[in-house]
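Data block below; observations after.
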Amino acid sequence: MSGLTLAKRKVIWAYIFLLIPIIFFAYIRIYPTLSAFQMSLYDYNPLSEEQPFVGLANYEELFDELSNPRSVTTAAFRNSAVYVALGVPLQLLLALGIALMLNEIRIFGTIYRLFFFLPFVTSTIAIAWVFRMLYQPQFGVFNVLLQAFSLPQQPFLKSPQQALPSILAMVIWQGLGFAIIIFLAGLKQIPRTYYDAAQVDGASRWQSFRQITLPLLNPSIIYLLVLQTISFLRMFAPVYAMTDQGSGGPLNSTTTVVLRVYREAFQGLNMGYAASLTVVLFGIIMSITVIQMFVSNRLVKT
Amino acid sequence: MRRSRFVFVAALLIMALAVGFAVTAQDDVIEIEYWQYNFEARVTAMDMLIEQFEAENPNIRVIHNSDIPYDNFRDELAASAPAGVGPDVVSLFYGWIPAFVDAGYLVPLPEEYFPAEWIESYFSPMVAQSKFEGEYWAIPTAVRTLALFWNKDLFEAAGLDPEQPPTTLDEFVEMAQALTTYDGSGTDILNITSEGYAAQISGQAHHWFREVLLRQYGGVPYDEENRTVLYNSEEGCQAFAYLTAFETDYKTGSNDLFTDATQAFINGQEALHIDGSFRIGTIAANNPDLNYGVAELPVGPNGEHYTFGSYWTHGITRRAAADPARLEAAAKFLQFITTADAGTLWVNNVGELPAQLEAASDPALLEDPILGAFAAGLEYSYATFFVDESAQRQVMMDAFDQVRLAGMDPCDALNEAAIVEQELLDDYWAGRDE
């Protein structure tokens with residue numbers, strides 16, 4: 001290396017240092033992902049010595065189950081779709097609204113932001129257990145409040161109809177802080193002068209928002225859309241912690257694809273089948289992300 | 001100064017190396033690993049047994065891994081096996097044995113240490129559930145049965161005789177109703193302030209249904225070979241309706257209240273509770289002042305006593321069997337921790353009943369006001385043969401929820417459960433028969 005200039009040596013060292021996390025990442029993330037593809041072709045029982053090759057049998061079983069509208073697997077995919085379809089738009093709308101307000105206030109702004117961000121840095125499991133208590137049918141805070149207003153008590157997590165929205169509400173609230181911070185950063189990027197010019201031209205606040213804020217916030221919206229969709233599709237911990245015995249109940253009303261993967265792999269010891277589920281989920285996440293990127297890139301450019 | 005420090009450090013290093021060699025030179029010492037899930041009383045009892053065993057067998061060292069919480073125990077075993085590490089002797093819930101045998105994780109108990117005739121004459125008949133395809137795969141130190149816990153203070157408060165727990169299923173219903181209290185605004189589940197009886201289906205209630213209520217109504221849960229579900233019968237309907245009615249009709253309690261039914265009983269908010277002997281320790285640790293008694297389970301229409309028996313049992317893994325010396329050490333250790341003496345030590349420290357008939361028939365044990373009811377149950381206990389314990393429990397949980405949450409008829413819910421469970425059995429046996 002002695003023949004190289006100082007600048008070149010610096011670059012080489014940068015590559016070498018960056019290689020270390022890449023190797024680590026490849027071994028910890030990419031290699032297991034690829035093994036999941038391989039594992040999905042085997043009748044893989046982790047306790048066994050031999051793992052017989054079964055070809056696509058796991059996938060056949062998976063599609064068999066999906067064709068039965070009452071199977072747990074169907075419920076898992078259906079619920080995951082509901083979590084995404086309701087969770088992502090609600091979370092983004094709320095976060096945008098709050099970010100717009102936070103962007104306006106000057107005094108105590110940091111403290112306000114801190115309070116909205118705190119849930120995001122708190123452990124999901126801890127929050128899930130606290131909400132489990134808040135939702136408790138007799139003495140939970142929510143029911144005590146309902147009673148105080150002479151409204152009927154609600155079973156929340158104990159009811160097949162209310163359990164999913166109850167979990168979703170907690171997840172939306174918890175992830176709000178992250179979306180708010182991204183929106184705030186996006187809002188700060190928009191030059192003040194645009195609004196001043198609009199005001200001079202007599203634009204209403206709504207017109208300013210519609211014509212200036214929203215288009216210029218587009219990159220933030222797309223970024224969050226992709227990220228939050230992936231995170232709702234991968235939902236596991238809140239459901240595991242908030243349902244009886246981590247079952248995704250009552251009556252499979254809250255179970256998710258990832259919870260199904262966990263239960264099949266470690267409780268049913270069907271790692272091969274669980275791997276085929278992860279491969280299908282991987283495919284879904286991949287295609288949704290690609291489509292979102294493609295559509296939104298065009299939106300950003302226009 | 002500097003030189004003397006160097007000499008000192010060098011001397012230390014040489015000494016350390018010498019000690020190291022001396023230890024490794026003792027190659028006649030065999031190390032085996034024993035794993036069980038973390039439950040304080042069991043860990044302490046096993047530590048005592050290991051100490052005694054090592055004193056008798058100075059050439060065997062037992063490493064006791066008891067750090068894994070119950071909820072993760074199977075996960076950790078599943079993760080350790082492909083990694084080539086793990087236990088030589090492992091504690092497993094008896095209901096997991098068929099799955100672990102199917103995976104080839106366990107080896108049969110060596111005949112020379114555990115002759116079948118000896119097991120059958122020396123142990124409670126419950127251990128037969130670990131006999132599988134003609135061989136014994138595991139053997140327990142202790143066993144548990146279900147019995148009826150009742151809260152004497154709540155009996156007094158309801159005007160009932162605190163020394164007279166229900167003895168029949170009908171009395172059980174009457175008393176459960178009399179013992180339930182509601183807030184002023186109604187008599188629905190959410191108005192309950194203190195429960196008479198709440199069925200915890202994910203806990204012991206599914207066992208109470210399968211092996212007790214069903215038999216009391218004249219049915220059987222499975223055929224003799226455990227290949228066919230038989231609870232979807234007339235008797236099954238009646239038994240399941242009996243169980244679900246506490247929540248749907250009598251409104252005496254629900255597992256959704258007070259965290260869960262077990263916690264409600266421990267806190268003095270449930271009057272009648274069906275649970276295993278292992279709960280005694282939990283009560284002692286969490287609410288030592290609870291004024292309760294334990295009686296045999298109430299009898300049903302056919303007047304016969306039944307109870308559900310279950311146990312944590314120990315097996316030898318294929319990892320131990322790979323090396324004859326380890327296998328021998330593992331067998332010796334297993335033999336030591338399943339003697340009648342070990343059973344007695346266990347009952348005194350853990351509260352579980354000795355699995356050995358000799359220790360279980362101890363008159364002092366049978367007369368014990370708390371343990372006596374459980375010990376009496378050993379004679380008439382049934383253990384379910386599970387091919388996938390968590391999935392089979394889930395089937396019952398779903399059937400129960402269909403009735404109480406979706407308003408399904410108990411018979412229909414049971415029929416649906418039978419179809420799902422039959423598939424589980426068929427899958428398992430299809431794999432075994434190949």
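Within each chain, counting starts at residue 1; across the structure tokens, chains are named A, B, ... in the order shown, with ligands numbered 1 upward in that order.
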
Residue list for chain A near chain B as an NGL selection string, 7 Å, only C-alpha atoms: :A and (45-48 or 137-138 or 158-159 or 250-251 or 266-267)

Mind checking which residues fall within 12 Å of Leu169 (chain B), counting only C-alpha atoms, ignoring those fewer than 6 positions away in the same chain, and posting them as a PyMOL selection string? chain B and resi 148+175-176+212-213+216-217+239+242-243+246+296-305

DSSP says strand (DSSP E) for which residues of region 26-231 of chain B? Put them as a VMD selection string? chain B and resid 30 to 35 60 to 65 89 to 93 106 to 107 131 to 132 135 to 136 139 to 140 142 to 151 181 to 182 192 to 197

Could those residues be written to a file, using N, CA and C atoms, as a compact mmCIF listing (two decimals), in the first residue's frame?
# COMPACT_ATOMS: atom_id res chain seq x y z
N ILE B 30 -16.78 -38.21 33.71
CA ILE B 30 -17.69 -37.98 32.59
C ILE B 30 -18.64 -36.86 32.95
N GLU B 31 -18.80 -35.92 32.03
CA GLU B 31 -19.74 -34.84 32.27
C GLU B 31 -21.01 -35.10 31.47
N ILE B 32 -22.15 -35.04 32.13
CA ILE B 32 -23.41 -35.12 31.38
C ILE B 32 -24.24 -33.89 31.72
N GLU B 33 -25.13 -33.56 30.79
CA GLU B 33 -25.98 -32.38 31.01
C GLU B 33 -27.41 -32.80 31.28
N TYR B 34 -28.00 -32.17 32.30
CA TYR B 34 -29.42 -32.39 32.59
C TYR B 34 -30.14 -31.06 32.43
N TRP B 35 -31.24 -31.05 31.65
CA TRP B 35 -32.00 -29.80 31.43
C TRP B 35 -33.41 -29.94 31.96
N ILE B 60 -18.75 -39.10 37.80
CA ILE B 60 -19.74 -38.48 36.91
C ILE B 60 -20.05 -37.08 37.43
N ARG B 61 -20.00 -36.13 36.51
CA ARG B 61 -20.40 -34.76 36.87
C ARG B 61 -21.66 -34.41 36.10
N VAL B 62 -22.64 -33.86 36.82
CA VAL B 62 -23.89 -33.50 36.15
C VAL B 62 -23.98 -31.98 36.07
N ILE B 63 -24.09 -31.48 34.85
CA ILE B 63 -24.30 -30.04 34.66
C ILE B 63 -25.80 -29.82 34.59
N HIS B 64 -26.29 -28.97 35.49
CA HIS B 64 -27.74 -28.77 35.63
C HIS B 64 -28.12 -27.46 34.95
N ASN B 65 -28.78 -27.53 33.80
CA ASN B 65 -29.23 -26.31 33.12
C ASN B 65 -30.71 -26.11 33.43
N VAL B 89 -29.74 -35.95 29.59
CA VAL B 89 -30.99 -36.35 30.24
C VAL B 89 -31.86 -35.10 30.25
N VAL B 90 -33.10 -35.25 29.79
CA VAL B 90 -33.95 -34.07 29.64
C VAL B 90 -35.30 -34.29 30.31
N SER B 91 -35.81 -33.23 30.93
CA SER B 91 -37.14 -33.28 31.52
C SER B 91 -38.16 -32.80 30.50
N LEU B 92 -39.17 -33.59 30.24
CA LEU B 92 -40.18 -33.22 29.26
C LEU B 92 -41.56 -33.46 29.86
N PHE B 93 -42.53 -32.66 29.43
CA PHE B 93 -43.91 -32.93 29.81
C PHE B 93 -44.30 -34.25 29.14
N LEU B 106 -35.28 -38.90 21.40
CA LEU B 106 -35.06 -39.74 22.58
C LEU B 106 -34.66 -41.15 22.15
N VAL B 107 -33.95 -41.83 23.03
CA VAL B 107 -33.69 -43.26 22.81
C VAL B 107 -34.47 -44.03 23.87
N LYS B 131 -44.90 -45.48 27.62
CA LYS B 131 -44.58 -46.72 26.91
C LYS B 131 -45.19 -46.59 25.54
N PHE B 132 -44.36 -46.79 24.56
CA PHE B 132 -44.76 -46.38 23.25
C PHE B 132 -44.12 -47.34 22.27
N GLU B 135 -41.88 -49.94 24.00
CA GLU B 135 -40.73 -49.61 24.83
C GLU B 135 -41.01 -48.39 25.69
N TYR B 136 -40.30 -48.33 26.84
CA TYR B 136 -40.40 -47.15 27.69
C TYR B 136 -39.38 -46.12 27.23
N ILE B 139 -39.17 -41.76 32.21
CA ILE B 139 -39.59 -42.21 33.53
C ILE B 139 -39.59 -40.99 34.46
N PRO B 140 -40.65 -40.83 35.26
CA PRO B 140 -40.72 -39.61 36.07
C PRO B 140 -40.22 -39.79 37.50
N ALA B 142 -41.84 -37.68 39.78
CA ALA B 142 -43.07 -37.35 40.48
C ALA B 142 -44.22 -37.19 39.49
N VAL B 143 -45.43 -37.26 39.99
CA VAL B 143 -46.61 -37.12 39.14
C VAL B 143 -47.57 -36.14 39.82
N ARG B 144 -48.57 -35.69 39.04
CA ARG B 144 -49.55 -34.77 39.60
C ARG B 144 -50.95 -35.25 39.22
N THR B 145 -51.92 -34.94 40.05
CA THR B 145 -53.32 -35.22 39.71
C THR B 145 -54.11 -33.94 39.92
N LEU B 146 -55.34 -33.93 39.43
CA LEU B 146 -56.21 -32.77 39.66
C LEU B 146 -57.09 -33.03 40.87
N ALA B 147 -57.39 -31.97 41.59
CA ALA B 147 -58.34 -32.06 42.70
C ALA B 147 -59.08 -30.74 42.80
N LEU B 148 -60.01 -30.70 43.73
CA LEU B 148 -60.85 -29.51 43.89
C LEU B 148 -60.31 -28.64 45.02
N PHE B 149 -59.99 -27.40 44.70
CA PHE B 149 -59.58 -26.42 45.70
C PHE B 149 -60.83 -25.61 46.06
N TRP B 150 -61.01 -25.35 47.35
CA TRP B 150 -62.12 -24.44 47.68
C TRP B 150 -61.70 -23.43 48.74
N ASN B 151 -62.25 -22.24 48.62
CA ASN B 151 -61.90 -21.13 49.49
C ASN B 151 -62.88 -21.10 50.67
N THR B 181 -70.88 -13.65 43.46
CA THR B 181 -71.48 -12.37 43.85
C THR B 181 -71.35 -11.37 42.70
N TYR B 182 -72.34 -10.49 42.58
CA TYR B 182 -72.38 -9.53 41.48
C TYR B 182 -72.45 -8.11 42.04
N ILE B 192 -69.69 -9.58 37.72
CA ILE B 192 -69.21 -10.46 38.80
C ILE B 192 -68.16 -9.75 39.65
N THR B 193 -68.35 -9.82 40.96
CA THR B 193 -67.33 -9.26 41.85
C THR B 193 -66.52 -10.37 42.51
N SER B 194 -67.11 -11.57 42.62
CA SER B 194 -66.37 -12.71 43.13
C SER B 194 -66.95 -13.96 42.45
N GLU B 195 -66.06 -14.81 41.93
CA GLU B 195 -66.52 -15.92 41.09
C GLU B 195 -66.83 -17.18 41.89
N GLY B 196 -67.86 -17.92 41.46
CA GLY B 196 -68.12 -19.23 42.05
C GLY B 196 -67.15 -20.23 41.46
N TYR B 197 -67.23 -20.42 40.15
CA TYR B 197 -66.25 -21.24 39.44
C TYR B 197 -66.07 -20.67 38.04

For Arg234 (chain A), list every protein, DNA or RNA residue within 12 Å, evaluated using only C-alpha atoms, and leave out those in the same chain fewer than 5 positions away; present the list as an NGL selection string. :A and (76-77 or 79-81 or 83-84 or 227-229 or 239 or 255-262 or 278 or 281-282 or 284-285)

Within 6 Å of region 320-337 of chain B, counting only C-alpha atoms, which residues show up once you throw out same-chain ones fewer than 3 positions away? Write them as a PyMOL selection string, please. chain B and resi 88+317+342

Considering only helix (DSSP H, G or I) as DSSP defines it on the backbone, what residues of region 34-280 of chain A qualify? List them as a ChimeraX atom specification. /A:34-39,57-66,72-104,109-121,124-134,141-148,156-158,163-189,192-200,205-233,237-242,244-246,257-267,271-280

Do a neighbour search on Ala360 (chain B) at 12 Å with only C-alpha atoms, toss out local chain neighbours closer than 4 positions, and write the hits as an NGL selection string. :B and (122-124 or 141-144 or 339-348 or 352-356 or 364-368 or 371-372 or 374-379)

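Going from CA of Glu50 (chain A) over to CA of Tyr70 (chain B), you cover 26.9 Å.
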
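Relative to CA of Trp429 (chain B), CA of His314 (chain B) is found at 23.6 Å.
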
Which residue, B:Asn349, B:Thr44, B:Thr244, B:Gln36, has the smallest gap to Ile280 (chain B) when you use only C-alpha atoms? B:Asn349

Excluding region 89-102 of chain A and its own-chain neighbours fewer than 5 positions away, which residues fall within 6 Å of it when counting only C-alpha atoms? Please give them as a PyMOL selection string. chain A and resi 172+176+179-180+184

Could the residues in this selection be written to a file with N, CA and C atoms, as a compact mmCIF listing (two decimals), in the first residue's frame?
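Once written, part39.txt looks like this:
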# COMPACT_ATOMS: atom_id res chain seq x y z
N ILE A 172 -50.73 1.38 16.39
CA ILE A 172 -50.71 2.68 15.70
C ILE A 172 -50.14 3.74 16.62
N LEU A 176 -46.54 5.87 16.16
CA LEU A 176 -46.82 7.24 15.75
C LEU A 176 -45.58 8.14 15.80
N ALA A 179 -43.28 8.07 12.76
CA ALA A 179 -43.85 8.72 11.58
C ALA A 179 -43.87 10.24 11.75
N ILE A 180 -44.14 10.69 12.97
CA ILE A 180 -44.17 12.14 13.23
C ILE A 180 -42.80 12.76 12.97
N LEU A 184 -41.98 15.62 10.39
CA LEU A 184 -41.43 16.90 10.85
C LEU A 184 -40.18 17.26 10.06

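Computed from the coordinates, the CA of Glu61 (chain A) to CA of Ala275 (chain A) distance equals 12.4 Å.
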